[in-house]
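**Student:** Sending over final24.cif (mmCIF, C-alpha atoms and all ligand atoms).
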```
data_upload
loop_
_atom_site.group_PDB
_atom_site.id
_atom_site.type_symbol
_atom_site.label_atom_id
_atom_site.label_comp_id
_atom_site.auth_asym_id
_atom_site.auth_seq_id
_atom_site.Cartn_x
_atom_site.Cartn_y
_atom_site.Cartn_z
ATOM 1 C CA MET A 131 102.650 44.111 119.689
ATOM 2 C CA THR A 132 101.134 42.146 122.564
ATOM 3 C CA ASP A 133 103.294 40.761 125.329
ATOM 4 C CA LEU A 134 102.941 37.110 126.216
ATOM 5 C CA VAL A 135 104.903 37.535 129.406
ATOM 6 C CA THR A 136 104.464 40.490 131.728
ATOM 7 C CA GLN A 137 107.529 42.638 131.291
ATOM 8 C CA VAL A 138 109.539 44.042 134.160
ATOM 9 C CA ILE A 139 112.638 46.176 134.021
ATOM 10 C CA LYS A 140 115.763 44.246 134.997
ATOM 11 C CA GLN A 141 119.156 45.724 135.769
ATOM 12 C CA GLY A 142 122.506 44.372 134.713
ATOM 13 C CA TYR A 143 125.810 45.269 133.111
ATOM 14 C CA ILE A 144 127.744 44.686 129.906
ATOM 15 C CA SER A 145 129.892 41.616 130.505
ATOM 16 C CA ASP A 146 131.503 41.320 127.080
ATOM 17 C CA ILE A 147 131.741 43.066 123.719
ATOM 18 C CA ARG A 148 132.882 41.317 120.543
ATOM 19 C CA ASP A 149 133.314 43.174 117.286
ATOM 20 C CA TYR A 150 132.486 41.185 114.156
ATOM 21 C CA LYS A 151 132.729 44.076 111.695
ATOM 22 C CA SER A 152 133.363 47.778 111.999
ATOM 23 C CA ASP A 153 129.601 48.341 112.301
ATOM 24 C CA ILE A 154 128.406 45.118 113.960
ATOM 25 C CA ARG A 155 129.135 44.103 117.505
ATOM 26 C CA VAL A 156 127.835 41.443 119.851
ATOM 27 C CA VAL A 157 127.097 42.794 123.305
ATOM 28 C CA SER A 158 126.583 40.377 126.200
ATOM 29 C CA VAL A 159 124.567 41.594 129.160
ATOM 30 C CA ARG A 160 124.715 39.846 132.503
ATOM 31 C CA LEU A 161 121.775 40.613 134.770
ATOM 32 C CA ASP A 162 122.389 41.356 138.436
ATOM 33 C CA LEU A 163 122.367 38.294 140.704
ATOM 34 C CA SER A 164 118.854 39.017 141.968
ATOM 35 C CA GLU A 165 117.456 39.341 138.415
ATOM 36 C CA LYS A 166 116.285 36.693 135.957
ATOM 37 C CA LEU A 167 114.716 37.119 132.537
ATOM 38 C CA VAL A 168 112.439 34.351 131.334
ATOM 39 C CA PHE A 169 111.985 34.540 127.568
ATOM 40 C CA ILE A 170 111.090 32.430 124.565
ATOM 41 C CA PRO A 171 113.348 32.231 121.463
ATOM 42 C CA GLY A 172 112.222 34.949 119.052
ATOM 43 C CA GLN A 173 111.578 37.622 121.661
ATOM 44 C CA TYR A 174 113.214 41.018 122.106
ATOM 45 C CA VAL A 175 113.764 43.520 124.892
ATOM 46 C CA TYR A 176 114.153 47.278 125.100
ATOM 47 C CA LEU A 177 117.659 48.254 126.140
ATOM 48 C CA LEU A 178 117.581 51.117 128.611
ATOM 49 C CA ILE A 179 120.627 53.338 128.790
ATOM 50 C CA ASP A 180 120.789 56.679 130.618
ATOM 51 C CA GLY A 181 120.257 59.646 128.321
ATOM 52 C CA PHE A 182 118.818 57.657 125.409
ATOM 53 C CA ALA A 183 115.353 56.621 124.317
ATOM 54 C CA PRO A 184 114.759 52.862 124.790
ATOM 55 C CA ARG A 185 115.351 50.800 121.644
ATOM 56 C CA PRO A 186 114.218 47.222 120.944
ATOM 57 C CA TYR A 187 116.899 44.562 120.319
ATOM 58 C CA SER A 188 116.383 40.861 119.668
ATOM 59 C CA ILE A 189 117.800 38.353 122.120
ATOM 60 C CA ALA A 190 120.167 36.320 119.939
ATOM 61 C CA ASN A 191 120.935 33.398 122.261
ATOM 62 C CA LEU A 192 119.003 30.636 123.972
ATOM 63 C CA PRO A 193 117.057 31.039 127.208
ATOM 64 C CA GLY A 194 118.832 29.760 130.297
ATOM 65 C CA ALA A 195 122.308 31.130 129.459
ATOM 66 C CA ASP A 196 124.239 33.262 131.959
ATOM 67 C CA VAL A 197 124.056 36.277 129.657
ATOM 68 C CA LEU A 198 121.724 37.875 127.138
ATOM 69 C CA GLU A 199 123.368 38.318 123.735
ATOM 70 C CA PHE A 200 122.532 41.236 121.444
ATOM 71 C CA HIS A 201 123.794 41.816 117.903
ATOM 72 C CA ILE A 202 123.885 45.537 117.248
ATOM 73 C CA ARG A 203 124.524 47.487 114.064
ATOM 74 C CA ASN A 204 125.902 51.001 114.384
ATOM 75 C CA THR A 205 123.441 53.192 112.476
ATOM 76 C CA GLY A 206 125.645 56.226 113.182
ATOM 77 C CA PHE A 207 122.886 57.759 115.291
ATOM 78 C CA GLY A 208 121.269 57.476 118.704
ATOM 79 C CA LEU A 209 121.695 54.533 121.015
ATOM 80 C CA SER A 210 123.531 52.228 118.623
ATOM 81 C CA ARG A 211 126.237 54.832 118.030
ATOM 82 C CA HIS A 212 126.548 55.365 121.789
ATOM 83 C CA ILE A 213 126.958 51.596 122.294
ATOM 84 C CA PHE A 214 129.797 51.581 119.755
ATOM 85 C CA GLU A 215 131.576 54.766 120.721
ATOM 86 C CA ASP A 216 131.122 55.080 124.472
ATOM 87 C CA MET A 217 130.152 51.799 126.127
ATOM 88 C CA LYS A 218 132.490 49.198 127.613
ATOM 89 C CA PRO A 219 132.315 46.056 129.737
ATOM 90 C CA GLY A 220 131.090 46.875 133.243
ATOM 91 C CA ASP A 221 128.730 49.664 132.148
ATOM 92 C CA ARG A 222 125.239 49.455 133.606
ATOM 93 C CA ILE A 223 122.302 48.672 131.354
ATOM 94 C CA GLY A 224 118.569 48.127 131.890
ATOM 95 C CA VAL A 225 116.463 45.557 130.079
ATOM 96 C CA ASP A 226 112.694 45.911 129.616
ATOM 97 C CA GLY A 227 110.949 42.792 128.417
ATOM 98 C CA PRO A 228 110.523 40.269 127.054
ATOM 99 C CA HIS A 229 108.330 41.430 124.170
ATOM 100 C CA GLY A 230 107.252 39.984 120.863
ATOM 101 C CA GLN A 231 104.998 37.417 119.308
ATOM 102 C CA ALA A 232 107.224 35.695 116.744
ATOM 103 C CA LEU A 233 107.926 32.878 119.152
ATOM 104 C CA TYR A 234 109.458 29.494 118.590
ATOM 105 C CA ASN A 235 107.309 26.796 120.127
ATOM 106 C CA ALA A 236 108.944 23.370 119.934
ATOM 107 C CA GLN A 237 105.716 21.518 120.795
ATOM 108 C CA LYS A 238 103.659 23.373 118.194
ATOM 109 C CA THR A 239 106.323 22.813 115.549
ATOM 110 C CA GLY A 240 106.129 19.084 116.157
ATOM 111 C CA GLY A 241 107.932 17.236 113.382
ATOM 112 C CA ASP A 242 107.209 19.799 110.668
ATOM 113 C CA PRO A 243 109.982 21.633 108.787
ATOM 114 C CA VAL A 244 111.140 25.068 109.900
ATOM 115 C CA LEU A 245 111.962 27.823 107.394
ATOM 116 C CA LEU A 246 113.908 30.819 108.701
ATOM 117 C CA LEU A 247 114.141 33.955 106.545
ATOM 118 C CA ALA A 248 116.452 36.671 107.839
ATOM 119 C CA GLY A 249 117.277 40.033 106.297
ATOM 120 C CA GLY A 250 120.404 41.768 107.617
ATOM 121 C CA LEU A 251 120.401 42.000 111.421
ATOM 122 C CA GLY A 252 117.151 39.988 111.471
ATOM 123 C CA ILE A 253 119.583 37.101 111.861
ATOM 124 C CA ALA A 254 119.882 38.018 115.570
ATOM 125 C CA GLN A 255 116.269 37.043 116.271
ATOM 126 C CA LEU A 256 116.393 33.954 114.076
ATOM 127 C CA ARG A 257 119.671 32.750 115.601
ATOM 128 C CA SER A 258 117.881 32.145 118.901
ATOM 129 C CA ILE A 259 115.105 30.259 117.093
ATOM 130 C CA LEU A 260 117.625 28.297 115.043
ATOM 131 C CA MET A 261 119.530 27.187 118.144
ATOM 132 C CA ALA A 262 116.277 26.144 119.814
ATOM 133 C CA ALA A 263 115.058 24.244 116.742
ATOM 134 C CA LEU A 264 118.347 22.351 116.417
ATOM 135 C CA LYS A 265 118.389 21.583 120.124
ATOM 136 C CA ASN A 266 114.781 20.381 120.373
ATOM 137 C CA HIS A 267 114.303 18.599 117.056
ATOM 138 C CA ASN A 268 117.392 16.903 115.767
ATOM 139 C CA HIS A 269 115.362 15.210 113.042
ATOM 140 C CA VAL A 270 113.302 18.191 111.799
ATOM 141 C CA PRO A 271 114.591 19.907 108.633
ATOM 142 C CA VAL A 272 115.591 23.513 109.354
ATOM 143 C CA THR A 273 116.478 25.836 106.467
ATOM 144 C CA LEU A 274 117.909 29.314 106.965
ATOM 145 C CA TYR A 275 118.021 31.878 104.165
ATOM 146 C CA TRP A 276 120.026 34.952 105.159
ATOM 147 C CA GLY A 277 119.796 37.895 102.795
ATOM 148 C CA VAL A 278 122.408 40.663 102.989
ATOM 149 C CA GLU A 279 123.824 43.318 100.713
ATOM 150 C CA TYR A 280 127.414 42.027 100.378
ATOM 151 C CA PRO A 281 129.259 38.788 101.325
ATOM 152 C CA ASP A 282 131.134 40.750 104.001
ATOM 153 C CA ASP A 283 127.811 41.286 105.818
ATOM 154 C CA LEU A 284 127.550 37.545 106.595
ATOM 155 C CA TYR A 285 129.301 38.029 109.926
ATOM 156 C CA LEU A 286 127.985 34.733 111.357
ATOM 157 C CA ALA A 287 128.753 32.637 108.275
ATOM 158 C CA ASP A 288 131.573 30.623 109.912
ATOM 159 C CA ASP A 289 129.419 29.741 112.929
ATOM 160 C CA LEU A 290 126.524 28.774 110.666
ATOM 161 C CA LYS A 291 128.751 26.554 108.507
ATOM 162 C CA LYS A 292 129.856 24.739 111.673
ATOM 163 C CA LEU A 293 126.207 24.160 112.559
ATOM 164 C CA VAL A 294 125.590 22.771 109.062
ATOM 165 C CA ALA A 295 128.465 20.323 109.563
ATOM 166 C CA ALA A 296 127.141 19.257 112.972
ATOM 167 C CA HIS A 297 123.451 18.995 112.044
ATOM 168 C CA PRO A 298 122.692 17.174 108.789
ATOM 169 C CA GLN A 299 119.083 18.362 108.923
ATOM 170 C CA PHE A 300 120.177 22.037 108.806
ATOM 171 C CA SER A 301 120.719 23.963 105.548
ATOM 172 C CA PHE A 302 122.093 27.489 105.328
ATOM 173 C CA ILE A 303 121.613 29.511 102.153
ATOM 174 C CA PRO A 304 123.237 32.958 102.103
ATOM 175 C CA VAL A 305 121.775 35.364 99.553
ATOM 176 C CA ILE A 306 123.637 38.450 98.358
ATOM 177 C CA ARG A 307 121.589 41.366 97.055
ATOM 178 C CA ALA A 308 124.299 43.317 95.235
ATOM 179 C CA SER A 309 124.387 41.915 91.716
ATOM 180 C CA ASP A 310 128.131 42.589 91.396
ATOM 181 C CA GLY A 311 129.035 41.081 94.786
ATOM 182 C CA GLY A 312 127.661 37.585 94.442
ATOM 183 C CA GLY A 313 130.660 35.453 93.559
ATOM 184 C CA ASP A 314 129.660 31.886 94.442
ATOM 185 C CA PHE A 315 126.585 33.008 96.350
ATOM 186 C CA ARG A 316 122.958 33.069 95.366
ATOM 187 C CA THR A 317 122.067 36.625 94.359
ATOM 188 C CA GLY A 318 118.915 38.703 94.415
ATOM 189 C CA THR A 319 116.284 39.446 97.014
ATOM 190 C CA LEU A 320 114.939 36.743 99.313
ATOM 191 C CA ASP A 321 111.496 36.807 97.672
ATOM 192 C CA THR A 322 112.932 36.128 94.208
ATOM 193 C CA VAL A 323 115.165 33.348 95.528
ATOM 194 C CA LEU A 324 112.223 31.709 97.322
ATOM 195 C CA GLN A 325 110.162 31.942 94.134
ATOM 196 C CA ALA A 326 112.834 29.969 92.359
ATOM 197 C CA ASP A 327 113.541 27.431 95.119
ATOM 198 C CA PHE A 328 110.063 26.227 96.066
ATOM 199 C CA GLU A 329 107.251 24.710 94.020
ATOM 200 C CA ASN A 330 103.788 26.180 94.506
ATOM 201 C CA GLY A 331 102.116 24.465 97.458
ATOM 202 C CA SER A 332 105.343 22.968 98.774
ATOM 203 C CA LEU A 333 105.408 25.006 102.006
ATOM 204 C CA HIS A 334 102.086 23.749 103.378
ATOM 205 C CA ARG A 335 103.750 21.973 106.339
ATOM 206 C CA HIS A 336 106.455 24.564 107.069
ATOM 207 C CA HIS A 337 106.606 26.896 110.048
ATOM 208 C CA CYS A 338 107.990 30.156 108.578
ATOM 209 C CA TYR A 339 109.843 32.689 110.733
ATOM 210 C CA VAL A 340 110.683 36.039 109.124
ATOM 211 C CA ALA A 341 112.847 38.831 110.598
ATOM 212 C CA GLY A 342 114.223 41.843 108.784
ATOM 213 C CA PRO A 343 113.299 45.198 107.279
ATOM 214 C CA PRO A 344 109.587 45.898 106.596
ATOM 215 C CA GLY A 345 110.120 45.958 102.800
ATOM 216 C CA MET A 346 111.569 42.458 102.880
ATOM 217 C CA VAL A 347 108.745 41.142 105.053
ATOM 218 C CA HIS A 348 106.095 42.616 102.744
ATOM 219 C CA ALA A 349 107.752 41.167 99.660
ATOM 220 C CA LEU A 350 108.090 37.714 101.226
ATOM 221 C CA TYR A 351 104.603 37.238 102.645
ATOM 222 C CA PRO A 352 102.679 36.846 99.342
ATOM 223 C CA VAL A 353 105.392 34.542 97.988
ATOM 224 C CA LEU A 354 105.130 32.335 101.070
ATOM 225 C CA LEU A 355 101.341 32.176 100.653
ATOM 226 C CA ASP A 356 101.735 31.293 96.956
ATOM 227 C CA LYS A 357 104.052 28.495 97.955
ATOM 228 C CA GLY A 358 101.389 27.065 100.240
ATOM 229 C CA MET A 359 102.317 28.439 103.677
ATOM 230 C CA VAL A 360 99.411 28.272 106.129
ATOM 231 C CA PRO A 361 98.964 31.852 107.513
ATOM 232 C CA ALA A 362 98.852 30.535 111.109
ATOM 233 C CA ARG A 363 102.370 29.181 110.534
ATOM 234 C CA PHE A 364 103.826 32.616 109.747
ATOM 235 C CA TYR A 365 105.765 34.206 112.613
ATOM 236 C CA CYS A 366 106.937 37.821 112.396
ATOM 237 C CA ASP A 367 106.839 40.858 114.670
ATOM 238 C CA LEU A 368 105.987 43.229 111.824
ATOM 239 C CA PRO A 369 102.447 43.571 110.424
ATOM 240 C CA VAL A 370 101.935 42.204 106.881
HETATM 241 C C1 LIG A 401 111.438 44.259 117.243
HETATM 242 C C2 LIG A 401 112.756 44.937 116.867
HETATM 243 C C3 LIG A 401 113.959 44.245 117.051
HETATM 244 C C4 LIG A 401 115.167 44.848 116.701
HETATM 245 N N1 LIG A 401 116.315 44.146 116.858
HETATM 246 C C5 LIG A 401 117.493 44.714 116.491
HETATM 247 C C6 LIG A 401 118.714 43.973 116.620
HETATM 248 O O1 LIG A 401 118.734 42.803 117.046
HETATM 249 N N2 LIG A 401 119.865 44.606 116.245
HETATM 250 C C7 LIG A 401 119.883 45.895 115.758
HETATM 251 O O2 LIG A 401 120.967 46.420 115.459
HETATM 252 N N3 LIG A 401 118.731 46.617 115.640
HETATM 253 C C8 LIG A 401 117.557 46.064 116.004
HETATM 254 N N4 LIG A 401 116.402 46.794 115.889
HETATM 255 C C9 LIG A 401 116.508 48.229 115.527
HETATM 256 C C10 LIG A 401 116.843 49.044 116.813
HETATM 257 O O3 LIG A 401 115.761 48.973 117.722
HETATM 258 C C11 LIG A 401 117.072 50.547 116.572
HETATM 259 O O4 LIG A 401 115.991 51.073 115.862
HETATM 260 C C12 LIG A 401 118.354 50.821 115.810
HETATM 261 O O5 LIG A 401 119.473 50.310 116.532
HETATM 262 C C13 LIG A 401 118.534 52.341 115.622
HETATM 263 O O6 LIG A 401 118.427 52.976 116.865
HETATM 264 P P1 LIG A 401 119.368 54.202 117.215
HETATM 265 O O7 LIG A 401 118.904 54.811 118.510
HETATM 266 O O8 LIG A 401 120.780 53.793 117.121
HETATM 267 O O9 LIG A 401 119.173 55.209 116.013
HETATM 268 P P2 LIG A 401 118.033 56.294 115.802
HETATM 269 O O10 LIG A 401 118.442 57.579 116.431
HETATM 270 O O11 LIG A 401 116.705 55.743 116.154
HETATM 271 O O12 LIG A 401 118.147 56.452 114.216
HETATM 272 C C14 LIG A 401 117.609 55.444 113.383
HETATM 273 C C15 LIG A 401 117.717 55.899 111.917
HETATM 274 O O13 LIG A 401 117.097 57.172 111.759
HETATM 275 C C16 LIG A 401 117.856 57.978 110.881
HETATM 276 N N5 LIG A 401 118.337 59.177 111.565
HETATM 277 C C17 LIG A 401 118.323 59.408 112.902
HETATM 278 N N6 LIG A 401 118.817 60.605 113.175
HETATM 279 C C18 LIG A 401 119.154 61.175 112.004
HETATM 280 C C19 LIG A 401 119.726 62.409 111.628
HETATM 281 N N7 LIG A 401 120.042 63.342 112.531
HETATM 282 N N8 LIG A 401 119.944 62.643 110.321
HETATM 283 C C20 LIG A 401 119.615 61.727 109.398
HETATM 284 N N9 LIG A 401 119.064 60.523 109.680
HETATM 285 C C21 LIG A 401 118.845 60.268 110.959
HETATM 286 C C22 LIG A 401 118.992 57.150 110.410
HETATM 287 O O14 LIG A 401 118.607 56.556 109.173
HETATM 288 C C23 LIG A 401 119.136 56.072 111.443
HETATM 289 O O15 LIG A 401 119.655 54.880 110.892
HETATM 290 C C24 LIG A 401 115.186 46.191 116.186
HETATM 291 C C25 LIG A 401 113.974 46.869 116.010
HETATM 292 C C26 LIG A 401 112.780 46.251 116.328
HETATM 293 C C27 LIG A 401 111.481 47.002 116.089
#
```
Could you write out this file's structure as structure tokens?

**Tutor:**
Amino acid sequence: MTDLVTQVIKQGYISDIRDYKSDIRVVSVRLDLSEKLVFIPGQYVYLLIDGFAPRPYSIANLPGADVLEFHIRNTGFGLSRHIFEDMKPGDRIGVDGPHGQALYNAQKTGGDPVLLLAGGLGIAQLRSILMAALKNHNHVPVTLYWGVEYPDDLYLADDLKKLVAAHPQFSFIPVIRASDGGGDFRTGTLDTVLQADFENGSLHRHHCYVAGPPGMVHALYPVLLDKGMVPARFYCDLPV
């Protein structure tokens, strides 16, 4: 992964922790007064915490805010477990970045539609892009598909529904993978849902941002091409 901006290690502290689910928490990091992180929506940083190997986490909010927001799932191991079990507001934390190439560029997007495809915690990266797209282009159609295992995993669903109500050009389509957990939701994997929702060739103007597990990214890419996506309009930090 190539860096577009030279990264420097910044120091700060945890200013807030909000738990959304037993295994998902939103951690806000406020950099020290002398520090500033310039980043582009879609980028990530390595969180640096004493005693642990650095781990990359997407910046989930917009540039220019007082804090950096990270959405973290407790894997039960390593740094994420430490963040859940041992860390509290006030604890020191280092930030190395920004990194990443799946960047939202409002000028490049122009008036063309934006398609956001998130799997699981990939929503953290795409949330920053979504907020930027809604802020910069209030006339451009933005569609977010968010694939998760169970309805309970849609921890941002209420916030996203509010955005739908406030922005008529924004559509949010949650997709539940577990066949028995669907209820009123679309079910299946994101690639099968996209197959059904788009005609061949219909994505030729879309800018497509994908964030999630490698298996999901690999399954989506050929479908997006079939549907007409121009490869230069595919944005993802994982190789396809
Ligand atoms: C570009 C990028 C952005 C990312 N953004 C986010 C984000 O926004 N939010 C987020 O939550 N994550 C994100 N990740 C993932 C994150 O960087 C970490 O990989 C993740 O949090 C796990 O790190 P860890 O130190 O907690 O666990 P690790 O110790 O690295 O363990 C990871 C996995 O290895 C296995 N494992 C480890 N130790 C054992 C063991 N002893 N026995 C059995 N299995 C074991 C487990 O399956 C575990 O889930 C991102 C990754 C990348 C590459």

**Student:** Please provide as a compact mmCIF listing (two decimals) with C-alpha atoms, in the frame of the given file all residues within 8 Å of range 320-331 of chain A, with the sequence filter that same-chain residues fewer than 4 positions apart are discarded (counting all atoms listed in the file).

**Tutor:**
```txt
# COMPACT_ATOMS: atom_id res chain seq x y z
CA LEU A 247 114.14 33.96 106.54
CA TYR A 275 118.02 31.88 104.16
CA TRP A 276 120.03 34.95 105.16
CA GLY A 277 119.80 37.90 102.80
CA VAL A 305 121.78 35.36 99.55
CA ARG A 316 122.96 33.07 95.37
CA MET A 346 111.57 42.46 102.88
CA ALA A 349 107.75 41.17 99.66
CA LEU A 350 108.09 37.71 101.23
CA VAL A 353 105.39 34.54 97.99
CA ASP A 356 101.74 31.29 96.96
CA LYS A 357 104.05 28.50 97.96
CA GLY A 358 101.39 27.06 100.24
CA MET A 359 102.32 28.44 103.68
```

**Student:** Tell me which of A:Lys151, A:His212, A:Arg160, A:Lys140 sits closest to ligand LIG 401 (chain A), counting only C-alpha atoms and all ligand atoms.

**Tutor:** A:His212

**Student:** Give the centre and edge lengths of an axis-aligned box, in Å to one decimal, that holds all listed atoms of ligand LIG 401 (chain A) with 5 Å on each side, as lines of an AutoDock Vina configuration file.

**Tutor:**
```
center_x = 116.2
center_y = 53.1
center_z = 113.8
size_x = 19.5
size_y = 30.5
size_z = 19.3
```

**Student:** Looking at A:Ile139, A:Ala236, A:Leu355, A:Leu256, which one is nearest to ligand LIG 401 (chain A), with distances taken over only C-alpha atoms and all ligand atoms?

**Tutor:** A:Leu256

**Student:** Can you tell me which residues come within 10 Å of ligand LIG 401 (chain A) when counting all atoms listed in the file, ideally as a PyMOL selection string?

**Tutor:** chain A and resi 131+153-156+172-177+182-190+199-214+229-232+250-256+341-344+366-368

**Student:** Please produce an output containing C-alpha atoms for each residue in the selection, written as a PDB file, in the frame of the given file.

**Tutor:**
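Output contents, as saved in again-v6.pdb:
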```pdb
ATOM      1  CA  MET A 131     102.650  44.111 119.689  1.00  0.00           C
ATOM      2  CA  ASP A 153     129.601  48.341 112.301  1.00  0.00           C
ATOM      3  CA  ILE A 154     128.406  45.118 113.960  1.00  0.00           C
ATOM      4  CA  ARG A 155     129.135  44.103 117.505  1.00  0.00           C
ATOM      5  CA  VAL A 156     127.835  41.443 119.851  1.00  0.00           C
ATOM      6  CA  GLY A 172     112.222  34.949 119.052  1.00  0.00           C
ATOM      7  CA  GLN A 173     111.578  37.622 121.661  1.00  0.00           C
ATOM      8  CA  TYR A 174     113.214  41.018 122.106  1.00  0.00           C
ATOM      9  CA  VAL A 175     113.764  43.520 124.892  1.00  0.00           C
ATOM     10  CA  TYR A 176     114.153  47.278 125.100  1.00  0.00           C
ATOM     11  CA  LEU A 177     117.659  48.254 126.140  1.00  0.00           C
ATOM     12  CA  PHE A 182     118.818  57.657 125.409  1.00  0.00           C
ATOM     13  CA  ALA A 183     115.353  56.621 124.317  1.00  0.00           C
ATOM     14  CA  PRO A 184     114.759  52.862 124.790  1.00  0.00           C
ATOM     15  CA  ARG A 185     115.351  50.800 121.644  1.00  0.00           C
ATOM     16  CA  PRO A 186     114.218  47.222 120.944  1.00  0.00           C
ATOM     17  CA  TYR A 187     116.899  44.562 120.319  1.00  0.00           C
ATOM     18  CA  SER A 188     116.383  40.861 119.668  1.00  0.00           C
ATOM     19  CA  ILE A 189     117.800  38.353 122.120  1.00  0.00           C
ATOM     20  CA  ALA A 190     120.167  36.320 119.939  1.00  0.00           C
ATOM     21  CA  GLU A 199     123.368  38.318 123.735  1.00  0.00           C
ATOM     22  CA  PHE A 200     122.532  41.236 121.444  1.00  0.00           C
ATOM     23  CA  HIS A 201     123.794  41.816 117.903  1.00  0.00           C
ATOM     24  CA  ILE A 202     123.885  45.537 117.248  1.00  0.00           C
ATOM     25  CA  ARG A 203     124.524  47.487 114.064  1.00  0.00           C
ATOM     26  CA  ASN A 204     125.902  51.001 114.384  1.00  0.00           C
ATOM     27  CA  THR A 205     123.441  53.192 112.476  1.00  0.00           C
ATOM     28  CA  GLY A 206     125.645  56.226 113.182  1.00  0.00           C
ATOM     29  CA  PHE A 207     122.886  57.759 115.291  1.00  0.00           C
ATOM     30  CA  GLY A 208     121.269  57.476 118.704  1.00  0.00           C
ATOM     31  CA  LEU A 209     121.695  54.533 121.015  1.00  0.00           C
ATOM     32  CA  SER A 210     123.531  52.228 118.623  1.00  0.00           C
ATOM     33  CA  ARG A 211     126.237  54.832 118.030  1.00  0.00           C
ATOM     34  CA  HIS A 212     126.548  55.365 121.789  1.00  0.00           C
ATOM     35  CA  ILE A 213     126.958  51.596 122.294  1.00  0.00           C
ATOM     36  CA  PHE A 214     129.797  51.581 119.755  1.00  0.00           C
ATOM     37  CA  HIS A 229     108.330  41.430 124.170  1.00  0.00           C
ATOM     38  CA  GLY A 230     107.252  39.984 120.863  1.00  0.00           C
ATOM     39  CA  GLN A 231     104.998  37.417 119.308  1.00  0.00           C
ATOM     40  CA  ALA A 232     107.224  35.695 116.744  1.00  0.00           C
ATOM     41  CA  GLY A 250     120.404  41.768 107.617  1.00  0.00           C
ATOM     42  CA  LEU A 251     120.401  42.000 111.421  1.00  0.00           C
ATOM     43  CA  GLY A 252     117.151  39.988 111.471  1.00  0.00           C
ATOM     44  CA  ILE A 253     119.583  37.101 111.861  1.00  0.00           C
ATOM     45  CA  ALA A 254     119.882  38.018 115.570  1.00  0.00           C
ATOM     46  CA  GLN A 255     116.269  37.043 116.271  1.00  0.00           C
ATOM     47  CA  LEU A 256     116.393  33.954 114.076  1.00  0.00           C
ATOM     48  CA  ALA A 341     112.847  38.831 110.598  1.00  0.00           C
ATOM     49  CA  GLY A 342     114.223  41.843 108.784  1.00  0.00           C
ATOM     50  CA  PRO A 343     113.299  45.198 107.279  1.00  0.00           C
ATOM     51  CA  PRO A 344     109.587  45.898 106.596  1.00  0.00           C
ATOM     52  CA  CYS A 366     106.937  37.821 112.396  1.00  0.00           C
ATOM     53  CA  ASP A 367     106.839  40.858 114.670  1.00  0.00           C
ATOM     54  CA  LEU A 368     105.987  43.229 111.824  1.00  0.00           C
TER      55      LEU A 368
END
```

**Student:** Pick from A:Ile179, A:Leu246, A:Ile147, A:Ala262: nearest to His336 in chain A, with all atoms listed in the file counted?

**Tutor:**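 Closest candidate: A:Leu246.
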
**Student:** Find the distance between CA of Ile144 in chain A and CA of Val159 in chain A and write it in Å to one decimal.

**Tutor:** 4.5 Å

**Student:** To test your reading of the syntax: which residues would the PyMOL selection byres (((chain A and resi 240-243) around 8) and not hetatm) return for the file shown? Reply as a list in words.

**Tutor:**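 On this input, the PyMOL selection byres (((chain A and resi 240-243) around 8) and not hetatm) captures Ala236, Gln237, Lys238, Thr239, Val244, Leu245, His267, His269, Val270, Pro271, Val272, Arg335, His336 and His337 of chain A.
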
**Student:** Taking all atoms listed in the file into account, name the residue in A:Pro352, A:Gly194, A:Gly345, A:Gly142 that is nearest to Gly224 in chain A.

**Tutor:** A:Gly142

**Student:** For CA of Ala308 in chain A and CA of Phe364 in chain A, quote the distance in Å rounded to one decimal.

**Tutor:**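 Taking CA of Ala308 in chain A as the start and CA of Phe364 in chain A as the end point, the length is 27.3 Å.
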
**Student:** Using all atoms listed in the file, can you tell me which of A:Ala287, A:Val347, A:Leu233, A:Leu163 comes closest to Arg363 in chain A?

**Tutor:**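 Residue with the minimum atom-to-atom distance to Arg363 in chain A: A:Leu233.
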
**Student:** List as a PyMOL selection string the protein and nucleic acid residues near Asn235 in chain A, meaning an atom at most 10 Å away when all atoms listed in the file are counted, but skip any in the same chain fewer than 6 places from it.

**Tutor:** chain A and resi 170-172+259+262-263+266

**Student:** Write out, as a PDB file, in the frame of the given file, the residues just selected, with C-alpha atoms.

**Tutor:**
```pdb
ATOM      1  CA  ILE A 170     111.090  32.430 124.565  1.00  0.00           C
ATOM      2  CA  PRO A 171     113.348  32.231 121.463  1.00  0.00           C
ATOM      3  CA  GLY A 172     112.222  34.949 119.052  1.00  0.00           C
ATOM      4  CA  ILE A 259     115.105  30.259 117.093  1.00  0.00           C
ATOM      5  CA  ALA A 262     116.277  26.144 119.814  1.00  0.00           C
ATOM      6  CA  ALA A 263     115.058  24.244 116.742  1.00  0.00           C
ATOM      7  CA  ASN A 266     114.781  20.381 120.373  1.00  0.00           C
TER       8      ASN A 266
END
```

**Student:** If I take CA of Thr273 in chain A and CA of Ser301 in chain A, how far is one from the other in Å, to one decimal?

**Tutor:** 4.7 Å

**Student:** Would you mind telling me which residue in A:Gly227, A:Leu192, A:Val340, A:Leu354 lies nearest to Pro369 in chain A when using only C-alpha atoms?

**Tutor:** A:Val340

**Student:** Please write as a PyMOL selection string the full residue list that the PyMOL selection byres (((chain A and resi 297) around 10) and not hetatm) yields on this file.

**Tutor:** chain A and resi 264-265+268-269+271-272+291-296+298-301
